[in-house]
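Below is final_14.cif, which holds mmCIF, C-alpha atoms.
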data_query
#
loop_
_atom_site.label_atom_id
_atom_site.label_comp_id
_atom_site.auth_asym_id
_atom_site.auth_seq_id
_atom_site.Cartn_x
_atom_site.Cartn_y
_atom_site.Cartn_z
CA MET R 1 17.73 -4.66 8.36
CA HIS R 2 15.91 -1.29 8.59
CA SER R 3 16.21 0.05 5.07
CA SER R 4 13.24 1.90 3.55
CA LEU R 5 13.00 -0.79 0.87
CA ARG R 6 12.67 -3.56 3.44
CA ARG R 7 10.03 -1.62 5.39
CA LEU R 8 8.00 -1.23 2.19
CA ARG R 9 8.33 -4.94 1.44
CA LEU R 10 7.16 -5.81 4.94
CA THR R 11 4.16 -3.47 4.75
CA ALA R 12 3.06 -4.91 1.42
CA ALA R 13 3.56 -8.40 2.77
CA THR R 14 1.08 -7.77 5.58
CA VAL R 15 -1.73 -7.42 3.02
CA THR R 16 -0.80 -10.73 1.41
CA VAL R 17 -0.69 -12.52 4.75
CA LEU R 18 -4.20 -11.34 5.62
CA ALA R 19 -5.45 -12.76 2.32
CA VAL R 20 -4.19 -16.29 2.85
CA ALA R 21 -4.19 -16.74 6.60
CA GLY R 22 -7.91 -17.42 6.94
CA THR R 23 -7.89 -20.93 5.50
CA ALA R 24 -9.33 -23.52 7.84
CA THR R 25 -6.52 -25.95 7.12
CA ALA R 26 -4.54 -24.58 10.01
CA CYS R 27 -4.83 -26.81 13.03
CA SER R 28 -5.04 -24.17 15.73
CA SER R 29 -7.69 -21.99 17.29
CA GLY R 30 -7.85 -19.28 19.90
CA SER R 31 -5.07 -16.77 20.54
CA GLY R 32 -1.91 -16.69 22.58
CA SER R 33 -0.09 -14.02 24.52
CA THR R 34 2.39 -11.72 22.85
CA GLY R 35 6.06 -11.80 23.58
CA THR R 36 9.41 -10.50 22.43
CA LYS R 37 12.80 -12.12 22.06
CA ALA R 38 14.57 -12.42 25.35
CA ALA R 39 17.64 -10.28 25.82
CA ASP R 40 19.33 -13.21 27.53
CA SER R 41 21.49 -14.89 24.88
CA GLY R 42 20.89 -18.19 26.64
CA THR R 43 17.15 -17.98 25.96
CA TYR R 44 15.73 -18.67 22.50
CA THR R 45 12.23 -17.65 21.45
CA ILE R 46 9.83 -19.89 19.54
CA TRP R 47 6.53 -18.68 18.09
CA ASP R 48 4.00 -21.29 17.00
CA PRO R 49 0.32 -21.46 15.92
CA TYR R 50 -0.73 -24.05 18.50
CA PRO R 51 -2.40 -22.18 21.40
CA GLN R 52 -4.44 -25.32 22.10
CA PHE R 53 -1.28 -26.84 23.62
CA ASP R 54 -0.41 -25.39 27.04
CA LYS R 55 2.89 -25.62 28.89
CA ARG R 56 1.96 -29.05 30.26
CA SER R 57 1.42 -30.52 26.78
CA ALA R 58 3.72 -32.99 25.04
CA TRP R 59 4.40 -30.30 22.40
CA ALA R 60 5.60 -27.73 24.96
CA LYS R 61 7.72 -30.37 26.67
CA LEU R 62 9.32 -31.29 23.34
CA LEU R 63 10.26 -27.64 22.75
CA ASP R 64 11.88 -27.47 26.17
CA ALA R 65 13.71 -30.76 25.59
CA CYS R 66 15.08 -29.55 22.25
CA GLY R 67 16.22 -26.34 23.92
CA THR R 68 17.98 -28.30 26.64
CA LYS R 69 19.67 -30.47 24.02
CA ALA R 70 20.93 -27.30 22.31
CA GLY R 71 22.12 -25.91 25.65
CA VAL R 72 19.56 -23.08 25.94
CA LYS R 73 16.22 -22.24 27.53
CA ILE R 74 13.09 -21.88 25.40
CA LYS R 75 10.63 -19.02 25.64
CA ARG R 76 7.55 -20.10 23.71
CA THR R 77 4.61 -17.93 22.59
CA ALA R 78 1.55 -19.40 20.86
CA PHE R 79 -0.63 -17.35 18.50
CA ASP R 80 -3.66 -17.84 16.35
CA THR R 81 -2.51 -18.61 12.78
CA SER R 82 -3.43 -15.25 11.20
CA ASP R 83 -2.23 -13.30 14.24
CA LEU R 84 1.11 -15.09 14.14
CA ALA R 85 1.84 -14.07 10.55
CA ASN R 86 1.15 -10.42 11.24
CA LYS R 87 3.16 -10.46 14.49
CA ALA R 88 6.07 -11.99 12.58
CA LEU R 89 6.03 -9.14 10.05
CA LEU R 90 5.85 -6.49 12.78
CA ALA R 91 8.68 -8.11 14.73
CA ALA R 92 10.83 -8.19 11.60
CA GLN R 93 10.31 -4.45 11.10
CA GLN R 94 11.64 -3.95 14.64
CA ASP R 95 14.52 -6.44 14.24
CA ASN R 96 12.93 -8.42 17.04
CA SER R 97 12.00 -11.67 15.29
CA ALA R 98 11.63 -14.96 17.10
CA ASP R 99 14.58 -17.32 16.77
CA VAL R 100 12.31 -20.07 15.46
CA LEU R 101 9.01 -19.39 13.71
CA ILE R 102 6.46 -22.09 12.89
CA VAL R 103 4.10 -20.69 10.27
CA ASP R 104 1.30 -21.87 7.96
CA ASN R 105 2.90 -23.04 4.70
CA PRO R 106 1.18 -20.60 2.25
CA VAL R 107 2.60 -17.67 4.23
CA VAL R 108 6.23 -18.79 3.82
CA SER R 109 6.49 -17.18 0.37
CA THR R 110 5.19 -13.86 1.68
CA LEU R 111 7.58 -13.79 4.62
CA ALA R 112 10.47 -14.85 2.40
CA GLU R 113 9.76 -12.13 -0.16
CA ALA R 114 9.58 -9.58 2.66
CA GLY R 115 13.07 -10.59 3.78
CA VAL R 116 11.88 -12.06 7.09
CA LEU R 117 13.31 -15.58 6.72
CA THR R 118 16.76 -17.07 6.25
CA THR R 119 17.35 -19.72 3.60
CA THR R 120 18.55 -23.21 4.39
CA ALA R 121 21.75 -22.28 2.55
CA ASP R 122 22.26 -19.59 5.20
CA ASN R 123 21.16 -21.53 8.27
CA LYS R 124 22.51 -24.97 7.20
CA LEU R 125 19.25 -26.78 7.90
CA ASP R 126 19.23 -30.24 6.30
CA THR R 127 16.05 -30.95 4.29
CA SER R 128 17.38 -33.91 2.28
CA LYS R 129 14.90 -36.42 3.76
CA THR R 130 11.84 -34.24 3.25
CA ASP R 131 9.40 -35.21 0.49
CA ALA R 132 9.99 -32.87 -2.45
CA ASN R 133 6.29 -32.11 -3.05
CA LEU R 134 5.87 -30.90 0.55
CA LEU R 135 9.12 -28.94 0.61
CA ALA R 136 8.08 -27.09 -2.57
CA ALA R 137 5.60 -24.96 -0.62
CA GLY R 138 8.60 -23.28 1.03
CA GLN R 139 10.75 -22.80 -2.07
CA PRO R 140 9.89 -19.48 -3.72
CA GLY R 141 12.46 -18.27 -6.23
CA GLY R 142 14.35 -21.55 -6.14
CA LYS R 143 15.50 -21.08 -2.53
CA THR R 144 14.35 -23.12 0.47
CA TYR R 145 13.03 -21.42 3.59
CA GLY R 146 12.60 -23.91 6.42
CA THR R 147 11.13 -27.39 6.50
CA PRO R 148 7.60 -28.76 6.98
CA ILE R 149 6.78 -30.17 10.40
CA GLY R 150 3.96 -32.22 8.91
CA ALA R 151 1.13 -32.01 6.43
CA ASN R 152 -2.57 -32.51 6.16
CA THR R 153 -4.65 -32.60 3.02
CA LEU R 154 -8.01 -33.57 1.57
CA ALA R 155 -9.48 -36.92 0.61
CA LEU R 156 -12.93 -38.48 0.28
CA TYR R 157 -14.58 -40.02 3.32
CA TYR R 158 -17.32 -42.49 2.40
CA ASN R 159 -20.20 -44.07 4.29
CA LYS R 160 -20.00 -47.84 3.78
CA LYS R 161 -23.67 -48.46 4.61
CA VAL R 162 -24.96 -45.86 2.14
CA LEU R 163 -22.79 -47.24 -0.66
CA LYS R 164 -23.84 -50.81 0.10
CA GLN R 165 -27.52 -49.86 -0.01
CA ALA R 166 -26.92 -48.19 -3.38
CA GLY R 167 -25.04 -51.19 -4.76
CA VAL R 168 -21.76 -49.28 -5.14
CA ASP R 169 -18.43 -51.08 -4.77
CA ILE R 170 -15.91 -48.46 -3.63
CA ALA R 171 -13.18 -50.32 -5.55
CA THR R 172 -14.86 -49.22 -8.79
CA VAL R 173 -14.52 -45.51 -7.95
CA LYS R 174 -11.31 -44.64 -9.73
CA ASP R 175 -11.97 -41.50 -11.79
CA TRP R 176 -14.58 -38.77 -12.32
CA THR R 177 -16.79 -40.92 -14.53
CA SER R 178 -17.00 -43.79 -12.05
CA LEU R 179 -17.48 -41.40 -9.11
CA THR R 180 -20.34 -39.62 -10.86
CA ALA R 181 -21.90 -42.99 -11.72
CA ALA R 182 -21.71 -43.93 -8.03
CA LEU R 183 -23.42 -40.68 -7.06
CA ALA R 184 -26.22 -41.42 -9.53
CA LYS R 185 -26.78 -44.82 -7.93
CA VAL R 186 -26.82 -43.29 -4.47
CA LYS R 187 -29.45 -40.74 -5.47
CA LYS R 188 -31.56 -43.44 -7.12
CA ALA R 189 -31.43 -45.40 -3.84
CA GLY R 190 -32.92 -42.40 -2.03
CA LYS R 191 -29.75 -41.22 -0.32
CA LYS R 192 -27.57 -38.13 -0.73
CA GLY R 193 -24.43 -38.02 -2.83
CA ILE R 194 -21.50 -35.82 -1.87
CA THR R 195 -20.92 -32.79 0.29
CA PHE R 196 -18.03 -30.33 0.24
CA SER R 197 -17.21 -26.68 0.85
CA ALA R 198 -17.48 -24.19 -1.99
CA ILE R 199 -17.73 -21.10 0.21
CA GLY R 200 -16.40 -17.82 -1.20
CA THR R 201 -13.16 -17.81 0.78
CA GLU R 202 -9.75 -19.50 0.68
CA GLU R 203 -11.50 -22.50 2.18
CA GLY R 204 -13.56 -22.88 -1.00
CA THR R 205 -10.48 -22.71 -3.20
CA PHE R 206 -8.74 -25.25 -0.98
CA GLN R 207 -11.58 -27.73 -1.54
CA PHE R 208 -11.81 -27.06 -5.28
CA LEU R 209 -8.09 -27.48 -5.96
CA PRO R 210 -8.02 -31.33 -5.99
CA TRP R 211 -10.59 -31.30 -8.77
CA TYR R 212 -8.92 -28.39 -10.52
CA TRP R 213 -5.48 -29.99 -10.43
CA GLY R 214 -7.06 -33.41 -11.04
CA SER R 215 -8.23 -32.11 -14.42
CA GLY R 216 -4.65 -31.27 -15.33
CA ALA R 217 -5.26 -27.51 -15.11
CA GLN R 218 -2.62 -25.05 -13.93
CA LEU R 219 -3.24 -22.02 -11.72
CA THR R 220 -1.55 -19.81 -14.29
CA ALA R 221 -4.37 -20.48 -16.79
CA LEU R 222 -7.71 -20.31 -14.99
CA ASP R 223 -9.67 -20.27 -18.25
CA SER R 224 -8.20 -23.44 -19.80
CA ASP R 225 -10.48 -26.18 -21.09
CA LYS R 226 -9.26 -28.47 -18.30
CA ALA R 227 -10.13 -25.87 -15.68
CA VAL R 228 -13.60 -25.50 -17.18
CA SER R 229 -14.08 -29.28 -17.03
CA ALA R 230 -13.39 -29.26 -13.27
CA LEU R 231 -15.88 -26.49 -12.54
CA THR R 232 -18.40 -28.13 -14.86
CA LEU R 233 -18.08 -31.34 -12.82
CA TRP R 234 -19.16 -29.53 -9.64
CA LYS R 235 -21.85 -27.59 -11.50
CA ASP R 236 -23.35 -30.77 -12.94
CA TRP R 237 -23.35 -32.43 -9.52
CA LEU R 238 -25.51 -29.62 -8.17
CA LYS R 239 -27.74 -29.59 -11.25
CA ASN R 240 -28.36 -33.34 -10.99
CA GLY R 241 -28.93 -33.29 -7.24
CA TYR R 242 -25.79 -35.26 -6.42
CA ALA R 243 -24.50 -32.42 -4.20
CA PRO R 244 -26.62 -29.99 -2.14
CA ASN R 245 -26.93 -26.27 -2.84
CA SER R 246 -25.68 -25.73 0.71
CA VAL R 247 -22.13 -26.25 -0.56
CA LEU R 248 -22.16 -22.59 -1.62
CA ASN R 249 -22.12 -21.55 2.03
CA ASN R 250 -20.55 -24.64 3.58
CA THR R 251 -17.34 -24.38 5.52
CA GLN R 252 -15.38 -27.60 5.94
CA THR R 253 -16.96 -27.85 9.38
CA THR R 254 -20.57 -27.51 8.24
CA SER R 255 -19.89 -29.81 5.31
CA TRP R 256 -18.64 -32.40 7.78
CA GLN R 257 -21.76 -31.95 9.90
CA GLU R 258 -23.85 -32.84 6.85
CA PHE R 259 -21.84 -36.02 6.31
CA ALA R 260 -22.09 -36.88 10.01
CA THR R 261 -25.89 -37.19 9.67
CA GLY R 262 -25.25 -40.52 7.95
CA ASP R 263 -27.27 -39.61 4.87
CA TYR R 264 -24.39 -38.81 2.51
CA ALA R 265 -22.27 -41.26 0.56
CA PHE R 266 -19.18 -39.02 0.33
CA SER R 267 -17.59 -36.03 1.99
CA GLU R 268 -14.50 -34.17 0.86
CA ASN R 269 -12.62 -33.31 4.03
CA GLY R 270 -9.29 -33.60 5.79
CA THR R 271 -7.20 -35.52 8.26
CA TRP R 272 -8.39 -33.18 11.00
CA GLN R 273 -11.80 -34.90 10.90
CA LEU R 274 -10.44 -38.35 11.79
CA ALA R 275 -11.42 -38.08 15.44
CA ASN R 276 -14.92 -36.92 14.46
CA ALA R 277 -15.20 -39.74 11.94
CA LYS R 278 -14.66 -42.28 14.69
CA LYS R 279 -17.45 -40.64 16.70
CA ALA R 280 -19.91 -40.52 13.78
CA GLY R 281 -21.55 -43.84 14.63
CA PHE R 282 -21.25 -45.48 11.21
CA ASP R 283 -18.60 -47.40 9.31
CA TYR R 284 -16.56 -45.20 7.03
CA GLY R 285 -13.61 -45.46 4.70
CA VAL R 286 -11.26 -43.01 2.97
CA ILE R 287 -9.96 -42.81 -0.58
CA PRO R 288 -7.80 -40.14 -2.22
CA VAL R 289 -9.64 -37.70 -4.47
CA PRO R 290 -9.54 -39.29 -7.94
CA ALA R 291 -8.13 -37.43 -10.92
CA ALA R 292 -10.26 -36.99 -14.03
CA ASP R 293 -8.77 -39.95 -15.87
CA GLY R 294 -7.76 -42.05 -12.87
CA GLY R 295 -5.04 -42.07 -10.28
CA ASN R 296 -4.81 -39.73 -7.31
CA ALA R 297 -5.42 -36.03 -7.83
CA SER R 298 -3.02 -33.57 -6.25
CA ALA R 299 -4.74 -32.11 -3.20
CA PRO R 300 -3.41 -28.95 -1.53
CA THR R 301 -1.22 -29.31 1.52
CA GLY R 302 -2.05 -27.80 4.86
CA GLY R 303 0.35 -27.70 7.77
CA GLU R 304 3.22 -25.59 8.93
CA PHE R 305 6.87 -24.91 8.14
CA VAL R 306 9.52 -24.55 10.81
CA THR R 307 11.62 -21.55 9.80
CA ILE R 308 14.52 -19.49 11.12
CA PRO R 309 13.91 -15.74 10.81
CA VAL R 310 16.58 -13.17 9.96
CA GLN R 311 18.42 -11.91 13.07
CA GLY R 312 20.66 -8.93 13.64
CA GLU R 313 22.87 -11.27 15.70
CA THR R 314 23.70 -13.88 13.06
CA ASP R 315 25.66 -16.02 15.52
CA ARG R 316 22.28 -17.20 16.89
CA TYR R 317 21.54 -19.21 13.72
CA ALA R 318 23.69 -22.20 14.71
CA THR R 319 21.69 -22.82 17.90
CA SER R 320 18.38 -22.16 16.14
CA GLN R 321 19.36 -24.78 13.58
CA LYS R 322 20.02 -27.30 16.35
CA ILE R 323 16.57 -26.63 17.83
CA VAL R 324 14.79 -27.02 14.47
CA THR R 325 16.76 -30.16 13.66
CA CYS R 326 15.66 -31.63 16.99
CA LEU R 327 12.00 -30.71 16.43
CA THR R 328 11.93 -32.28 12.97
CA SER R 329 14.09 -35.31 13.70
CA THR R 330 12.83 -38.81 12.93
CA ASP R 331 12.67 -39.59 16.66
CA ASN R 332 10.37 -36.64 17.40
CA LEU R 333 8.24 -36.35 14.25
CA LEU R 334 6.19 -39.47 14.91
CA ASN R 335 4.82 -38.23 18.22
CA THR R 336 4.49 -34.63 17.06
CA ASP R 337 2.57 -35.44 13.88
CA THR R 338 0.35 -37.89 15.73
CA THR R 339 -0.51 -35.09 18.18
CA LEU R 340 -1.21 -32.63 15.35
CA SER R 341 -3.13 -35.20 13.23
CA TYR R 342 -0.58 -34.64 10.48
CA VAL R 343 1.12 -36.95 8.03
CA ALA R 344 4.89 -36.74 8.48
CA PRO R 345 6.98 -35.02 5.77
CA THR R 346 9.43 -37.94 5.38
CA THR R 347 8.87 -41.42 4.01
CA GLU R 348 10.66 -42.98 6.97
CA VAL R 349 8.23 -41.54 9.51
CA GLN R 350 5.20 -42.03 7.24
CA ASP R 351 5.98 -45.75 7.21
CA LYS R 352 6.08 -45.74 11.01
CA GLN R 353 2.73 -43.94 11.15
CA VAL R 354 1.06 -46.52 8.91
CA ALA R 355 2.63 -49.37 10.89
CA ALA R 356 1.11 -47.90 14.06
CA ASN R 357 -2.25 -47.08 12.46
CA ALA R 358 -3.23 -48.72 9.17
CA GLU R 359 -6.12 -46.24 8.76
CA LEU R 360 -3.54 -43.60 7.84
CA LYS R 361 -2.53 -45.37 4.61
CA PRO R 362 -4.96 -43.48 2.30
CA TRP R 363 -3.90 -40.21 3.92
CA VAL R 364 -0.23 -40.94 3.34
CA ASP R 365 -1.07 -41.72 -0.30
CA ALA R 366 -2.99 -38.43 -0.56
CA VAL R 367 -0.15 -36.44 0.97
CA LYS R 368 2.38 -38.04 -1.38
CA ALA R 369 0.28 -36.79 -4.30
CA ALA R 370 -0.39 -33.40 -2.66
CA LYS R 371 0.87 -30.03 -3.76
CA GLY R 372 1.56 -26.72 -2.06
CA ARG R 373 -0.75 -23.88 -3.01
CA THR R 374 2.22 -21.58 -3.61
CA SER R 375 4.21 -24.26 -5.47
CA ASP R 376 5.10 -23.85 -9.15
CA ASP R 377 6.88 -20.69 -7.96
CA LEU R 378 3.55 -18.85 -7.59
CA GLY R 379 4.63 -17.43 -4.25
CA THR R 380 2.82 -14.19 -3.45
CA LYS R 381 0.79 -14.38 -6.68
CA TYR R 382 -1.29 -17.16 -5.17
CA PRO R 383 -3.69 -15.11 -2.99
CA LYS R 384 -4.98 -13.09 -5.95
CA ILE R 385 -5.36 -16.21 -8.09
CA SER R 386 -7.19 -17.98 -5.27
CA GLU R 387 -9.61 -15.10 -4.74
CA GLN R 388 -10.59 -15.06 -8.41
CA LEU R 389 -10.92 -18.84 -8.41
CA TRP R 390 -13.34 -18.95 -5.46
CA LYS R 391 -15.34 -16.12 -7.04
CA ALA R 392 -15.60 -18.14 -10.25
CA VAL R 393 -16.75 -21.22 -8.35
CA GLN R 394 -19.41 -19.20 -6.55
CA SER R 395 -20.58 -17.58 -9.76
CA ALA R 396 -20.86 -20.86 -11.66
CA LEU R 397 -22.51 -22.88 -8.90
CA SER R 398 -25.04 -20.14 -8.16
CA GLY R 399 -26.01 -19.98 -11.84
CA ALA R 400 -24.84 -16.38 -12.33
CA GLN R 401 -22.41 -17.43 -15.08
CA SER R 402 -21.45 -20.55 -16.99
CA PRO R 403 -18.25 -22.28 -15.81
CA LYS R 404 -16.51 -21.10 -18.98
CA ASP R 405 -17.53 -17.46 -18.57
CA ALA R 406 -16.82 -17.44 -14.82
CA LEU R 407 -13.29 -18.74 -15.32
CA ALA R 408 -12.64 -16.41 -18.26
CA ALA R 409 -13.57 -13.49 -16.00
CA ALA R 410 -11.29 -14.87 -13.28
CA GLN R 411 -8.32 -15.12 -15.64
CA SER R 412 -8.94 -11.60 -16.90
CA ALA R 413 -9.02 -10.24 -13.34
CA VAL R 414 -5.77 -11.99 -12.43
CA LYS R 415 -3.99 -10.45 -15.43
#

What is this file in C-alpha cells?
Amino acid sequence: MHSSLRRLRLTAATVTVLAVAGTATACSSGSGSTGTKAADSGTYTIWDPYPQFDKRSAWAKLLDACGTKAGVKIKRTAFDTSDLANKALLAAQQDNSADVLIVDNPVVSTLAEAGVLTTTADNKLDTSKTDANLLAAGQPGGKTYGTPIGANTLALYYNKKVLKQAGVDIATVKDWTSLTAALAKVKKAGKKGITFSAIGTEEGTFQFLPWYWGSGAQLTALDSDKAVSALTLWKDWLKNGYAPNSVLNNTQTTSWQEFATGDYAFSENGTWQLANAKKAGFDYGVIPVPAADGGNASAPTGGEFVTIPVQGETDRYATSQKIVTCLTSTDNLLNTDTTLSYVAPTTEVQDKQVAANAELKPWVDAVKAAKGRTSDDLGTKYPKISEQLWKAVQSALSGAQSPKDALAAAQSAVK
C-alpha cells in the first residue's frame, strides 16, 4: 500500500484530478466536513459529492437504510466534487480510504491508475444490468471500477413559440443542415438562434463534444477533417449571427439565462436545467443533439460512479459490496435518480422513469447515445486532450485562427 511507486502515482494523479474536476456537470455545490474511516469495524464510511443533501434528506436516509441492511452503521461525509477527488487521493496515501466512494465519472480513470480503487473482479460487484456506454467511463485498461449511480447529459431545449413564429417544424430538425436552416429562419423572423457554452474550460469541451462526436471525429485525432467540420459549424453560426459572441464566455448557467429570456430558439444544456425550464414561463421541448448526417449524436455523460476503494483490511470488501449493491438496486435507483435529476444507468429503471414522467423520454434517448469522456480507453490522457480542444474552440470562434489551423495546433500540442 505504501510503496514509493504508489506514492508517486498518487501525487501525479492529484494533478490530473484538478484538471478534470471543474466541469459543471457535477450536481453538487458547497463543501462538506472532513472525516476519516471509523476504527469501529461495525461502522462503514461513505464519501459522496452531494453536500446539498443533509442528514434529514432522502439520500442520507437511503445510505443509513443500506447500512442497516448490511448489518453496519454508516458514517457519511459530503464534499464538493473537486475537493472529494483530492481528499480521496490523500486518504489513499495514508491507507485511510472511505469504504465506499462516490466520485465524478471522469475521475475514475485517474483514481484507478493511482491504485486507489478495487476492480469489480476483486469486489464482486455485479454490473451486468448497467448500460455498456455508461459503464465504459469506469473501464480504463479493460477493467471495471465501480458502477454508475446515474447519468446526465446534454440535449437541445427549444422554445415552441419562437419556432412557431419562424415557421419551423421541430420534426424537420434531424441533422446539421436542417438545424442550420431552422436557425436561418429564426434570425429572419427577428429572433435569436442558439446559445451554448464555449468557455475556455472543461465546460466548453463538454458542450462541444456532441458536435465533435456527431461529426464522427475521434479524440485521438483532433485535426481530422470531421473534427474541422464540427468546429466550422460553430464558427459559421457565430459568423452568420445564429449564435451570439457571448458563447465565448458563457458557462452553462449563463447560457441558460440567455435562453430563459424567451428570445432564443434553442439552448444546448442538460437535465439539471429541467426545474428551471418549468419556471421559464414559456412552452419548451427537448430533442437530442443531432449528428451531422442524422440520428442522435453521442453527448458526454455526467454523473457519478459508486466505487469501492482499496483497503488494508480486505475483509471489509464483502460488506462494502452489499452497501453498493443496495444503493444501485432497481428498487432504490428510481428515487435516487429522480432526486439527483439523473437518468438511471439501467434500461429497467429508465423505463420506469419515463412511465412516471414522459418528459424524460428525450433525455433517456440522449443518455442511451451518450459516451464517457474517458471512454475509448483514453483514461488519464483525456484532460490534456480536453484542454487543447477548448483552446482550439476559443481560438477559432474568436477569429484568432481558422478551425483547421486551431485544431492542427491542438493535435500537435497533445502529441

Check: Smallest atom-to-atom distance to Leu209 of chain R: which of R:Pro300, R:Pro140, R:Gly285, R:Pro290, using only C-alpha atoms?
Finding: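 For Leu209 of chain R, the nearest of the candidates is R:Pro300.
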
Check: If you apply the PyMOL selection byres ((chain R and resi 251) around 12) to this file, what residues do you get, as a VMD selection string?
Finding: chain R and resid 22 to 25 195 to 207 246 to 250 252 to 258 268 to 269

Checklist line | Contacts of Ala265 of chain R within 7 Å, only C-alpha atoms, excl. fewer than 3 positions in-chain, as a list of chain:residue names | finding: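 After dropping sequence-adjacent residues, the list is R:Tyr158, R:Asn159, R:Val162, R:Leu163, R:Lys192, R:Gly193, R:Ile194.
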
Notebook entry, point to check: Any idea what's packed within 8 Å of Thr153 of chain R, counting only C-alpha atoms, ignoring anything in its chain fewer than 5 positions away? Could you give it as a count of residues only?
Noted result: 10

Next item on the list: Rank nothing, just name the residue among R:Gln218, R:Thr77, R:Thr339, R:Thr144 nearest to Tyr44 of chain R, using only C-alpha atoms.
Entry: R:Thr77

Checklist line | Counting all atoms listed in the file, the option among R:Ala184, R:Tyr157, R:Ile149, R:Gln353 closest to Asn276 of chain R | finding: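 Distance minimum relative to Asn276 of chain R lands on R:Tyr157.
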
Item checked: Separation of atom CA of Asp48 of chain R from atom CA of Leu63 of chain R, in Å and rounded to one decimal -> 10.6 Å

Check: Could you pull the residues within 12 Å of Lys381 of chain R, counting all atoms listed in the file, minus those fewer than 3 positions along the same chain, as a list in words?
Finding: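 What passes the distance filter is Ala13, Thr16, Val17, Ala19, Val20, Pro106, Val107, Ser109, Thr110, Glu113, Pro140, Leu219, Thr220, Arg373, Thr374, Ser375, Asp376, Asp377, Leu378, Lys384, Ile385, Ser386, Glu387, Gln388, Val414 and Lys415 of chain R.
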
Item checked: Distance in Å - atom CA of Asp315 of chain R versus atom CA of Thr81 of chain R ->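 Atom-to-atom, atom CA of Asp315 of chain R and atom CA of Thr81 of chain R are spaced 28.4 Å apart.
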